[in-house]
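Below is input_0.cif, holding mmCIF, C-alpha atoms.
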```
data_target
loop_
_atom_site.label_atom_id
_atom_site.label_comp_id
_atom_site.auth_asym_id
_atom_site.auth_seq_id
_atom_site.Cartn_x
_atom_site.Cartn_y
_atom_site.Cartn_z
CA MET A 1 3.35 -5.58 -22.78
CA GLU A 2 0.89 -8.44 -23.07
CA MET A 3 -1.67 -9.44 -20.51
CA ALA A 4 -4.11 -12.31 -20.82
CA ILE A 5 -6.44 -12.87 -17.90
CA ASN A 6 -8.65 -15.76 -16.93
CA SER A 7 -9.87 -15.42 -13.34
CA SER A 8 -8.94 -18.35 -11.13
CA PRO A 9 -8.40 -18.86 -7.40
CA LYS A 10 -4.80 -19.63 -8.29
CA ASP A 11 -4.19 -16.31 -10.02
CA LEU A 12 -2.13 -15.21 -7.09
CA TYR A 13 1.51 -14.65 -7.62
CA LEU A 14 3.78 -12.81 -10.01
CA LEU A 15 7.27 -14.16 -10.43
CA GLN A 16 9.82 -11.69 -11.65
CA SER A 17 12.45 -13.43 -13.70
CA GLU A 18 16.14 -12.74 -13.25
CA THR A 19 17.62 -10.32 -15.75
CA ALA A 20 19.48 -12.36 -18.30
CA GLY A 21 23.19 -12.37 -17.57
CA SER A 22 24.65 -11.82 -14.11
CA HIS A 23 27.66 -9.81 -15.27
CA LEU A 24 26.86 -6.55 -17.04
CA THR A 25 29.31 -4.19 -18.72
CA GLN A 26 28.91 -0.51 -19.51
CA ASP A 27 28.85 -1.24 -23.24
CA GLN A 28 26.38 -4.08 -22.92
CA GLU A 29 22.66 -3.52 -23.45
CA THR A 30 20.43 -4.98 -20.79
CA LYS A 31 18.50 -7.91 -22.12
CA ASN A 32 14.75 -7.85 -22.11
CA SER A 33 13.22 -9.06 -18.89
CA MET A 34 10.08 -11.08 -18.56
CA ALA A 35 7.77 -11.44 -15.61
CA THR A 36 5.49 -14.41 -15.67
CA LEU A 37 2.67 -15.32 -13.37
CA VAL A 38 2.90 -19.05 -12.94
CA THR A 39 -0.24 -20.93 -11.94
CA SER A 40 -1.32 -24.51 -12.34
CA SER A 41 -4.04 -23.37 -14.71
CA SER A 42 -1.77 -20.96 -16.60
CA SER A 43 -4.59 -18.48 -16.36
CA LEU A 44 -2.64 -15.24 -16.10
CA VAL A 45 0.36 -14.20 -18.13
CA PHE A 46 2.12 -10.89 -17.59
CA SER A 47 5.00 -10.15 -19.93
CA SER A 48 7.07 -7.01 -20.04
CA HIS A 49 9.45 -6.45 -22.92
CA SER A 50 10.76 -3.07 -21.92
CA SER A 51 14.34 -1.85 -22.34
CA LYS A 52 14.80 -0.86 -18.70
CA LEU A 53 18.37 -0.81 -17.52
CA TYR A 54 19.35 -2.05 -14.09
CA SER A 55 21.14 0.60 -12.14
CA PRO A 56 22.07 0.58 -8.49
CA SER A 57 23.61 3.98 -9.08
CA LEU A 58 22.54 7.36 -10.30
CA SER A 59 26.05 7.97 -11.57
CA PRO A 60 27.58 6.19 -14.56
CA LEU A 61 31.06 6.64 -13.07
CA PRO A 62 32.48 3.30 -11.93
CA ARG A 63 34.04 2.75 -8.52
CA LEU A 64 36.84 0.26 -8.03
CA SER A 65 37.41 -1.04 -4.53
CA LEU A 66 39.48 -3.85 -3.11
CA SER A 67 38.86 -5.15 0.38
CA LEU A 68 40.84 -7.82 2.20
CA PHE A 69 39.06 -9.79 4.85
CA SER A 70 41.72 -10.83 7.32
CA GLN A 71 39.82 -13.50 9.19
CA SER A 72 38.90 -15.45 6.11
CA LEU A 73 42.22 -14.66 4.39
CA SER A 74 40.23 -13.96 1.27
CA SER A 75 39.87 -10.92 -0.91
CA SER A 76 36.80 -9.43 -2.42
CA LEU A 77 36.90 -7.24 -5.50
CA SER A 78 33.86 -5.20 -6.39
CA ILE A 79 33.48 -2.92 -9.37
CA SER A 80 30.26 -0.96 -9.19
CA PRO A 81 29.06 2.58 -9.72
CA SER A 82 29.04 4.92 -6.75
CA PHE A 83 25.51 6.05 -6.09
CA LEU A 84 25.33 9.83 -6.08
CA ALA A 85 22.11 10.72 -4.31
CA GLN A 86 22.57 14.36 -5.19
CA ASN A 87 21.63 13.50 -8.79
CA PRO A 88 18.07 12.24 -8.33
CA THR A 89 16.99 13.39 -11.77
CA VAL A 90 19.21 11.02 -13.76
CA SER A 91 16.98 8.52 -15.52
CA ARG A 92 17.67 4.81 -15.22
CA LYS A 93 17.40 4.61 -18.99
CA SER A 94 20.66 6.54 -19.41
CA VAL A 95 22.60 4.47 -16.90
CA SER A 96 24.44 1.21 -17.29
CA VAL A 97 26.46 -0.71 -14.76
CA SER A 98 29.53 -2.86 -14.43
CA ALA A 99 29.50 -5.07 -11.37
CA PHE A 100 30.81 -8.36 -10.11
CA THR A 101 28.51 -10.32 -7.85
CA VAL A 102 29.89 -10.22 -4.34
CA LYS A 103 29.41 -13.14 -2.01
CA ALA A 104 29.23 -12.62 1.74
CA SER A 105 32.66 -12.93 3.33
CA ALA A 106 33.67 -12.90 6.95
CA THR A 107 34.83 -9.42 7.93
CA GLY A 108 35.38 -10.00 11.61
CA LYS A 109 33.13 -9.07 14.46
CA LYS A 110 31.57 -5.62 14.13
CA LYS A 111 30.09 -3.33 16.75
CA VAL A 112 26.73 -2.26 15.35
CA LEU A 113 24.32 0.38 16.63
CA ILE A 114 20.68 0.28 15.50
CA VAL A 115 18.69 3.47 16.09
CA ASN A 116 15.17 2.08 16.04
CA THR A 117 11.82 3.80 15.62
CA ASN A 118 9.18 3.30 18.31
CA SER A 119 6.22 3.24 15.92
CA GLY A 120 5.09 2.20 12.45
CA GLY A 121 5.95 -0.89 10.48
CA HIS A 122 9.71 -0.31 10.41
CA ALA A 123 10.33 -1.11 14.08
CA VAL A 124 10.33 -4.82 13.33
CA ILE A 125 13.22 -4.35 10.88
CA GLY A 126 15.56 -3.33 13.69
CA PHE A 127 14.38 -6.25 15.82
CA TYR A 128 15.11 -8.87 13.15
CA PHE A 129 18.35 -7.17 12.10
CA ALA A 130 19.64 -7.20 15.68
CA LYS A 131 18.86 -10.89 16.10
CA GLU A 132 20.50 -11.82 12.79
CA LEU A 133 23.65 -9.82 13.56
CA LEU A 134 23.92 -11.43 17.00
CA GLY A 135 23.49 -14.84 15.40
CA SER A 136 26.38 -14.01 13.06
CA GLY A 137 28.68 -13.11 15.95
CA HIS A 138 28.49 -9.31 15.88
CA GLU A 139 28.01 -7.02 18.86
CA VAL A 140 24.70 -5.15 18.80
CA THR A 141 23.18 -2.24 20.67
CA ILE A 142 19.62 -1.24 19.81
CA PHE A 143 18.75 2.36 20.68
CA THR A 144 14.96 2.78 20.73
CA VAL A 145 13.32 6.17 20.54
CA GLY A 146 11.33 7.09 23.68
CA GLU A 147 11.21 5.67 27.19
CA GLU A 148 11.45 2.04 28.22
CA SER A 149 8.48 2.49 30.57
CA SER A 150 6.12 3.86 27.89
CA ASP A 151 2.99 1.97 26.83
CA LYS A 152 4.46 1.55 23.33
CA MET A 153 7.10 -0.77 24.75
CA LYS A 154 4.36 -3.18 25.86
CA LYS A 155 3.59 -3.93 22.21
CA PRO A 156 5.56 -6.00 19.69
CA PRO A 157 8.33 -6.03 18.77
CA PHE A 158 9.47 -4.08 21.84
CA ASN A 159 7.96 -6.53 24.33
CA ARG A 160 10.26 -9.16 22.79
CA PHE A 161 13.50 -7.26 23.31
CA SER A 162 14.43 -9.80 25.96
CA GLU A 163 15.27 -12.06 23.01
CA ILE A 164 17.94 -9.54 21.98
CA VAL A 165 19.35 -9.29 25.50
CA SER A 166 19.42 -13.06 26.00
CA ALA A 167 21.37 -13.37 22.74
CA GLY A 168 24.01 -10.97 24.07
CA GLY A 169 22.72 -7.65 22.72
CA ALA A 170 22.22 -4.39 24.59
CA THR A 171 19.11 -2.20 24.63
CA VAL A 172 18.90 1.49 25.47
CA TRP A 173 16.21 4.16 25.14
CA GLY A 174 16.34 7.89 24.56
CA ASP A 175 16.05 10.83 22.19
CA PRO A 176 18.17 10.55 19.02
CA ALA A 177 18.84 14.29 19.33
CA ASP A 178 20.73 13.45 22.55
CA ILE A 179 22.48 10.36 21.21
CA GLY A 180 25.91 11.65 22.20
CA LYS A 181 24.85 11.88 25.86
CA VAL A 182 23.01 8.57 25.93
CA LEU A 183 25.94 6.71 24.38
CA GLU A 184 28.77 8.80 25.78
CA GLY A 185 32.10 7.05 25.38
CA LYS A 186 30.68 4.30 23.15
CA GLU A 187 32.13 3.56 19.73
CA PHE A 188 30.62 1.60 16.86
CA ASP A 189 31.87 0.35 13.52
CA VAL A 190 28.44 0.53 11.89
CA VAL A 191 25.39 2.71 12.61
CA LEU A 192 21.93 2.07 11.15
CA ASP A 193 19.26 4.76 11.36
CA ASN A 194 15.91 2.99 11.26
CA ASN A 195 14.01 5.94 12.66
CA GLY A 196 14.23 9.25 10.84
CA LYS A 197 12.17 10.19 7.83
CA ASP A 198 13.83 13.53 7.18
CA LEU A 199 17.15 15.25 7.69
CA ASP A 200 16.13 17.01 10.90
CA ALA A 201 15.62 13.62 12.55
CA VAL A 202 18.64 11.84 11.06
CA ARG A 203 21.28 14.58 11.10
CA PRO A 204 22.03 14.33 14.87
CA VAL A 205 22.59 10.58 14.52
CA ALA A 206 24.66 10.88 11.35
CA ASP A 207 26.80 13.71 12.72
CA TRP A 208 27.43 11.84 15.97
CA ALA A 209 28.28 8.64 14.08
CA LYS A 210 30.77 10.52 11.95
CA SER A 211 32.41 12.31 14.87
CA SER A 212 32.60 9.15 16.99
CA GLY A 213 34.47 7.22 14.31
CA ALA A 214 31.82 4.98 12.72
CA LYS A 215 33.10 3.74 9.38
CA GLN A 216 29.79 2.69 7.85
CA PHE A 217 26.36 4.34 7.95
CA LEU A 218 23.16 2.64 6.85
CA PHE A 219 19.76 4.29 6.45
CA ILE A 220 16.28 2.79 6.15
CA SER A 221 14.65 4.94 3.49
CA SER A 222 11.45 4.08 1.61
CA ALA A 223 10.42 2.83 -1.82
CA GLY A 224 7.59 5.32 -1.51
CA ILE A 225 9.94 8.08 -2.66
CA TYR A 226 9.94 6.81 -6.24
CA LYS A 227 7.89 8.79 -8.71
CA PRO A 228 5.03 6.81 -10.26
CA THR A 229 6.15 4.95 -13.36
CA ASP A 230 4.46 3.48 -16.41
CA GLU A 231 7.13 0.76 -16.41
CA PRO A 232 6.92 -1.10 -13.12
CA PRO A 233 8.77 -2.40 -11.20
CA HIS A 234 10.81 0.40 -9.65
CA VAL A 235 14.56 -0.14 -9.96
CA GLU A 236 17.45 1.61 -8.27
CA GLY A 237 18.36 4.77 -10.15
CA GLU A 238 14.81 5.73 -11.09
CA LEU A 239 13.46 9.21 -10.57
CA VAL A 240 12.51 10.06 -6.99
CA LYS A 241 10.40 12.81 -5.47
CA ALA A 242 12.84 15.64 -4.84
CA ASP A 243 10.84 16.98 -1.90
CA ALA A 244 10.67 13.63 -0.07
CA GLY A 245 12.37 13.77 3.32
CA HIS A 246 14.19 10.49 2.76
CA VAL A 247 15.84 11.90 -0.37
CA GLY A 248 17.43 14.69 1.65
CA VAL A 249 18.81 12.15 4.10
CA GLU A 250 20.25 9.97 1.33
CA LYS A 251 22.00 12.98 -0.14
CA TYR A 252 23.41 14.11 3.20
CA ILE A 253 24.88 10.77 4.26
CA SER A 254 26.44 10.37 0.80
CA GLU A 255 28.28 13.63 1.40
CA ILE A 256 29.69 12.91 4.86
CA PHE A 257 30.38 9.15 4.79
CA GLU A 258 32.72 7.27 2.51
CA ILE A 259 30.88 4.02 3.18
CA TRP A 260 27.11 4.48 3.28
CA SER A 261 24.06 2.71 1.94
CA ALA A 262 20.33 3.39 1.84
CA PHE A 263 17.63 0.71 1.82
CA ARG A 264 14.15 1.29 0.42
CA PRO A 265 11.56 -1.14 1.80
CA GLN A 266 7.90 -1.53 0.87
CA TYR A 267 5.30 -3.57 2.73
CA MET A 268 6.44 -6.34 5.04
CA ILE A 269 5.15 -9.20 7.14
CA GLY A 270 6.71 -11.02 10.06
CA SER A 271 6.23 -11.87 13.71
CA GLY A 272 6.47 -8.75 15.83
CA ASN A 273 5.22 -6.32 13.20
CA ASN A 274 2.98 -3.70 14.82
CA LYS A 275 1.48 -2.32 11.62
CA ASP A 276 -1.39 -4.16 9.97
CA CYS A 277 -0.68 -5.85 6.68
CA GLU A 278 -1.96 -9.41 6.41
CA GLU A 279 -3.98 -8.86 9.60
CA TRP A 280 -6.27 -6.48 7.72
CA PHE A 281 -7.32 -9.35 5.45
CA PHE A 282 -7.52 -11.93 8.25
CA ASP A 283 -9.82 -9.62 10.24
CA ARG A 284 -12.45 -9.81 7.52
CA ILE A 285 -11.93 -13.38 6.35
CA VAL A 286 -12.32 -15.03 9.77
CA ARG A 287 -15.53 -13.09 10.42
CA GLY A 288 -17.07 -14.07 7.10
CA ARG A 289 -17.12 -10.48 5.88
CA PRO A 290 -16.58 -9.36 2.27
CA VAL A 291 -13.09 -7.97 1.62
CA PRO A 292 -13.44 -4.57 -0.10
CA ILE A 293 -10.47 -3.85 -2.39
CA PRO A 294 -10.26 -0.59 -4.37
CA GLY A 295 -9.93 -0.68 -8.14
CA SER A 296 -9.79 -3.85 -10.21
CA GLY A 297 -7.70 -5.70 -7.65
CA MET A 298 -5.10 -6.47 -10.32
CA GLN A 299 -2.78 -3.75 -9.04
CA LEU A 300 0.67 -5.18 -8.31
CA THR A 301 2.50 -4.64 -5.06
CA ASN A 302 5.43 -6.12 -3.13
CA ILE A 303 5.18 -7.77 0.28
CA ALA A 304 8.37 -9.17 1.82
CA HIS A 305 9.03 -11.15 4.95
CA VAL A 306 11.14 -9.01 7.26
CA ARG A 307 13.79 -11.74 7.51
CA ASP A 308 14.72 -10.92 3.90
CA LEU A 309 15.20 -7.27 4.81
CA SER A 310 17.45 -8.15 7.75
CA SER A 311 19.52 -10.58 5.68
CA MET A 312 20.14 -7.85 3.09
CA LEU A 313 21.25 -5.43 5.79
CA THR A 314 23.55 -8.04 7.29
CA LEU A 315 25.22 -8.63 3.93
CA ALA A 316 25.87 -4.88 3.72
CA VAL A 317 27.56 -4.95 7.14
CA GLU A 318 29.71 -7.91 6.11
CA ASN A 319 30.55 -6.51 2.66
CA PRO A 320 31.06 -2.78 3.32
CA ALA A 321 33.25 -2.13 0.30
CA ALA A 322 30.65 -3.60 -2.04
CA ALA A 323 27.64 -2.05 -0.32
CA GLY A 324 29.17 1.39 0.10
CA GLY A 325 27.79 4.15 -2.07
CA ASN A 326 24.73 2.19 -3.17
CA ILE A 327 20.98 2.28 -2.73
CA PHE A 328 19.10 -0.99 -2.45
CA ASN A 329 15.44 -1.76 -2.90
CA CYS A 330 14.88 -3.72 0.31
CA VAL A 331 12.04 -5.89 -0.97
CA SER A 332 11.02 -9.36 -2.03
CA ASP A 333 11.75 -10.46 -5.60
CA ARG A 334 8.12 -11.31 -6.28
CA ALA A 335 4.99 -9.25 -6.76
CA VAL A 336 1.41 -10.05 -5.83
CA THR A 337 -1.90 -8.55 -6.94
CA LEU A 338 -4.17 -6.97 -4.34
CA ASN A 339 -6.88 -9.55 -5.03
CA GLY A 340 -4.19 -12.21 -4.94
CA MET A 341 -3.16 -11.14 -1.44
CA ALA A 342 -6.74 -11.60 -0.23
CA LYS A 343 -6.86 -15.07 -1.79
CA LEU A 344 -3.53 -16.05 -0.27
CA CYS A 345 -4.66 -14.91 3.18
CA ALA A 346 -7.86 -16.94 2.81
CA GLN A 347 -5.86 -19.94 1.68
CA ALA A 348 -3.59 -19.59 4.74
CA ALA A 349 -6.65 -19.43 7.01
CA GLY A 350 -8.35 -22.35 5.27
CA LEU A 351 -11.46 -20.24 4.72
CA PRO A 352 -13.41 -18.89 1.72
CA VAL A 353 -13.18 -15.24 0.75
CA GLU A 354 -15.59 -12.86 -0.97
CA ILE A 355 -13.72 -10.04 -2.71
CA VAL A 356 -15.60 -6.86 -3.56
CA ASN A 357 -13.81 -4.46 -5.89
CA TYR A 358 -15.02 -0.88 -5.92
CA ASP A 359 -14.33 2.64 -7.14
CA PRO A 360 -13.40 4.79 -4.09
CA LYS A 361 -14.68 7.98 -5.72
CA ALA A 362 -18.01 6.42 -6.62
CA VAL A 363 -18.65 5.28 -3.05
CA GLY A 364 -17.21 8.42 -1.47
CA VAL A 365 -14.33 7.03 0.59
CA ASP A 366 -10.63 7.76 0.82
CA ALA A 367 -8.85 4.59 -0.29
CA LYS A 368 -5.84 5.53 1.87
CA LYS A 369 -8.01 5.22 4.96
CA ALA A 370 -10.06 2.26 3.80
CA PHE A 371 -7.26 0.00 2.57
CA PRO A 372 -3.71 -0.72 3.85
CA PHE A 373 -1.98 -0.63 0.44
CA ARG A 374 -1.68 1.94 -2.31
CA ASN A 375 -4.43 1.87 -4.89
CA MET A 376 -2.01 1.60 -7.81
CA HIS A 377 0.79 -0.54 -9.20
CA PHE A 378 3.47 -0.10 -6.55
CA TYR A 379 6.31 -2.53 -6.39
CA ALA A 380 10.08 -2.48 -6.67
CA GLU A 381 12.59 -5.19 -7.38
CA PRO A 382 15.83 -5.93 -5.43
CA GLN A 383 18.15 -6.09 -8.40
CA ALA A 384 21.02 -4.15 -6.84
CA ALA A 385 21.15 -6.43 -3.80
CA LYS A 386 21.25 -9.49 -6.03
CA GLU A 387 23.95 -8.16 -8.32
CA ILE A 388 26.14 -6.39 -5.77
CA LEU A 389 25.67 -8.34 -2.53
CA GLY A 390 24.78 -11.76 -3.86
CA TRP A 391 21.54 -11.58 -1.88
CA SER A 392 18.64 -13.91 -2.54
CA GLY A 393 15.15 -13.69 -1.10
CA THR A 394 13.30 -16.37 0.82
CA THR A 395 9.81 -14.82 1.05
CA ASN A 396 7.16 -17.40 0.22
CA LEU A 397 3.78 -15.79 0.83
CA PRO A 398 1.66 -18.97 0.72
CA GLU A 399 3.79 -20.53 3.47
CA ASP A 400 4.69 -17.36 5.38
CA LEU A 401 1.03 -16.38 5.65
CA LYS A 402 0.18 -19.71 7.26
CA GLU A 403 2.69 -18.90 9.99
CA ARG A 404 1.25 -15.42 10.33
CA PHE A 405 -2.32 -16.74 10.59
CA ASN A 406 -1.30 -19.20 13.32
CA GLU A 407 0.10 -16.31 15.36
CA TYR A 408 -2.98 -14.21 14.59
CA VAL A 409 -5.15 -16.91 16.17
CA LYS A 410 -2.70 -17.55 19.01
CA ILE A 411 -2.92 -13.95 20.24
CA GLY A 412 -6.72 -14.08 20.02
CA ARG A 413 -7.19 -11.39 17.42
CA ASP A 414 -9.75 -13.56 15.62
CA LYS A 415 -12.00 -13.13 18.65
CA LYS A 416 -11.32 -9.43 19.19
CA GLU A 417 -14.21 -6.98 18.66
CA ILE A 418 -13.46 -4.85 15.63
CA LYS A 419 -15.50 -2.08 14.02
CA PHE A 420 -15.75 -1.97 10.24
CA GLU A 421 -17.34 1.42 9.75
CA LEU A 422 -15.63 2.28 6.44
CA ASP A 423 -16.23 -1.22 5.13
CA ASP A 424 -19.89 -0.93 5.99
CA LYS A 425 -20.14 2.39 4.15
CA ILE A 426 -18.55 0.87 1.05
CA LEU A 427 -20.65 -2.28 1.10
CA GLU A 428 -23.87 -0.39 1.77
CA SER A 429 -23.16 1.89 -1.19
CA LEU A 430 -22.68 -1.17 -3.37
CA LYS A 431 -25.69 -2.93 -1.84
CA VAL A 432 -23.54 -5.89 -0.81
CA PRO A 433 -25.09 -7.79 2.12
CA VAL A 434 -23.01 -8.48 5.20
CA ALA A 435 -23.70 -11.50 7.39
CA VAL A 436 -24.33 -10.67 11.02
#
```
Please lay out the structure from this file as structure tokens.
Amino acid sequence: MEMAINSSPKDLYLLQSETAGSHLTQDQETKNSMATLVTSSSSLVFSSHSSKLYSPSLSPLPRLSLSLFSQSLSSSLSISPSFLAQNPTVSRKSVSVSAFTVKASATGKKKVLIVNTNSGGHAVIGFYFAKELLGSGHEVTIFTVGEESSDKMKKPPFNRFSEIVSAGGATVWGDPADIGKVLEGKEFDVVLDNNGKDLDAVRPVADWAKSSGAKQFLFISSAGIYKPTDEPPHVEGELVKADAGHVGVEKYISEIFEIWSAFRPQYMIGSGNNKDCEEWFFDRIVRGRPVPIPGSGMQLTNIAHVRDLSSMLTLAVENPAAAGGNIFNCVSDRAVTLNGMAKLCAQAAGLPVEIVNYDPKAVGVDAKKAFPFRNMHFYAEPQAAKEILGWSGTTNLPEDLKERFNEYVKIGRDKKEIKFELDDKILESLKVPVAV
């Protein structure tokens, strides 16, 4: 690995190159990959010449499936390994893959149920997914945890569910443990659980889906279950934390469904998100405050626009034979440094930014509470989705953040009173002045 650094305001974005060769065989070694940060000043170069193997599967056993799509009168042949979640200790380095790229084909109208969380950053995934499915001609019901009259439903994305209804979708509320009662007599072709983080929460939904005749089950997992690696980015098939709740869910659905898939997202942006991401940076930039970032600020992470997550899920619905039995990193195909994210947010706002890097231990703060991202290299790449589903990402942070800043101002958050107690503690410890 080589890294040459010259600080520049344009040292913002890491572009992960495509793995050489789109068709891999089990006897073929994966070619070296290179990630290059491209800037007008060519001031930062990040090259990785590792021998990592792409693997959407933890099992080297190939799966051959043939699906005929009646409406399009076309056939789709996919040859890919079946992901066996019960083998989370198999290293990616011992796995190779044989797969044909699968392009989205019409599979006819599907009845899709989305079980959606009522909190956290994942709620917006269900919202975008529902709208994309409806736009593609599918029938959609979104089942949101909780009560329609609760205060949570007054916040985004829930206060925009009228957009789903006006597009022909249905919305219901309730307890996933009582899903059979809430949806009594209803049948669905596809069920997505975008709520549970462990088997206790997901099992009632999965068991009901199985007993009611659903043919495909999708689960929103998390890229956070990967074990830390010295060879970023994370790829499908890497070691995961055996005690993570999501891992237990992935294993369970692989045992009871023939066609199942799990999706592991990271950080995301998009209209309707109710968990701070870019807003954290905007809050400080618009008020002329320093932006405290733990560590060197060169840590790499992945931030995707939620539309890319929903498009990946939609491809899985429309290509069940290809998607079945696989785990997908549900992320953008680019990485960004933590300092780079601050610069991009400032660029979107058209304002200057003062970045202050610090050692959390030295100033006596918990970085998890003081900063919205992990204080480490933490990013995955969506190689399985590209190879198996023919997916391509559209996230463009410089442009997407402009849209996000416009909405930030539109809702008046730039004028909202905000306390920066942890920031003040950090900056005071470092003797960094803050303008009043």
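Distances from A:Ala348, A:Ala384, A:Ile285, A:Ile253 to Asn406 (chain A) were compared using all atoms listed in the file, and the smallest one belongs to A:Ala348.
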- Which residue gives the smallest distance to Asp423 (chain A) among A:Val190, A:Val306, A:Ala385, A:Ile293, with only C-alpha atoms counted? A:Ile293
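Of note, CA of Ala304 (chain A) and CA of Trp280 (chain A) are spaced 16.0 Å apart.
The nearest approach to Lys251 (chain A) among the residues A:Asp178, A:Asp198, A:Asp333, A:Asp400, with only C-alpha atoms taken into account, belongs to A:Asp198.
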- Hey, what comes out of the PyMOL selection byres ((chain A and resi 301) around 9) on this file? Could you write it as number ranges by chain? A: 266-267, 299-300, 302-303, 334-338, 373-374, 376-380
All residues 10 Å or closer to Val434 (chain A), only C-alpha atoms, same chain fewer than 6 positions away omitted, as a compact mmCIF listing (two decimals) with C-alpha atoms, in the coordinates of the input:
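And here's around-v9.txt as it stands now:
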```
# COMPACT_ATOMS: atom_id res chain seq x y z
CA GLY A 288 -17.07 -14.07 7.10
CA ARG A 289 -17.12 -10.48 5.88
CA PRO A 290 -16.58 -9.36 2.27
CA ASP A 423 -16.23 -1.22 5.13
CA ASP A 424 -19.89 -0.93 5.99
CA LEU A 427 -20.65 -2.28 1.10
CA GLU A 428 -23.87 -0.39 1.77
```
- Task: Record the distance separating CA of Phe281 (chain A) and CA of Pro372 (chain A), expressed in Å with one decimal.
- Result: 9.5 Å
- Rank A:Val202, A:Leu183, A:Leu401, A:Leu315 by their smallest atom-to-atom distance to Ala346 (chain A), using all atoms listed in the file, and report the top residue only. A:Leu401
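Proximity to Val286 (chain A) was assessed for A:Pro233, A:Gly169, A:Gly196, A:Gly412 counting only C-alpha atoms; the smallest distance is recorded for A:Gly412.
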- Message: Rounded to one decimal, what separation in Å do you get between CA of Gly350 (chain A) and CA of Pro433 (chain A)?
- Response: 22.4 Å
- Task: Identify which of the residues A:Ile259, A:Ala244, A:Ala170, A:Ile142 lies closest to Phe127 (chain A), counting only C-alpha atoms when measuring atom-to-atom distances.
- Result: A:Ile142
- Message: Neighbouring residues of region 161-164 of chain A were defined as those with any atom within 10 Å, considering all atoms listed in the file; residues of the same chain fewer than 3 positions away were excluded. Please report them as a PyMOL selection string.
- Response: chain A and resi 127-128+130-132+134+140-142+153+156-158+167-171
- Message: Using only C-alpha atoms, which protein or nucleic acid residues come within 6 Å of Arg264 (chain A)? Drop anything in the same chain fewer than 2 positions from it, and give the result as a ChimeraX atom specification.
- Response: /A:221-223,329-330
Let's have the selection written as a short mmCIF file (atom, residue, chain, number, x, y, z; two decimals), in the coordinates of the input, with C-alpha atoms.
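Generated output (part18.cif):
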```cif
data_model
loop_
_atom_site.label_atom_id
_atom_site.label_comp_id
_atom_site.auth_asym_id
_atom_site.auth_seq_id
_atom_site.Cartn_x
_atom_site.Cartn_y
_atom_site.Cartn_z
CA SER A 221 14.65 4.94 3.49
CA SER A 222 11.45 4.08 1.61
CA ALA A 223 10.42 2.83 -1.82
CA ASN A 329 15.44 -1.76 -2.90
CA CYS A 330 14.88 -3.72 0.31
#
```
- Taking the file above as input, evaluate the PyMOL selection byres ((chain A and resi 392) around 9) and report the hits as a ChimeraX atom specification. /A:308,311-312,332-333,382,385-386,389-391,393-394
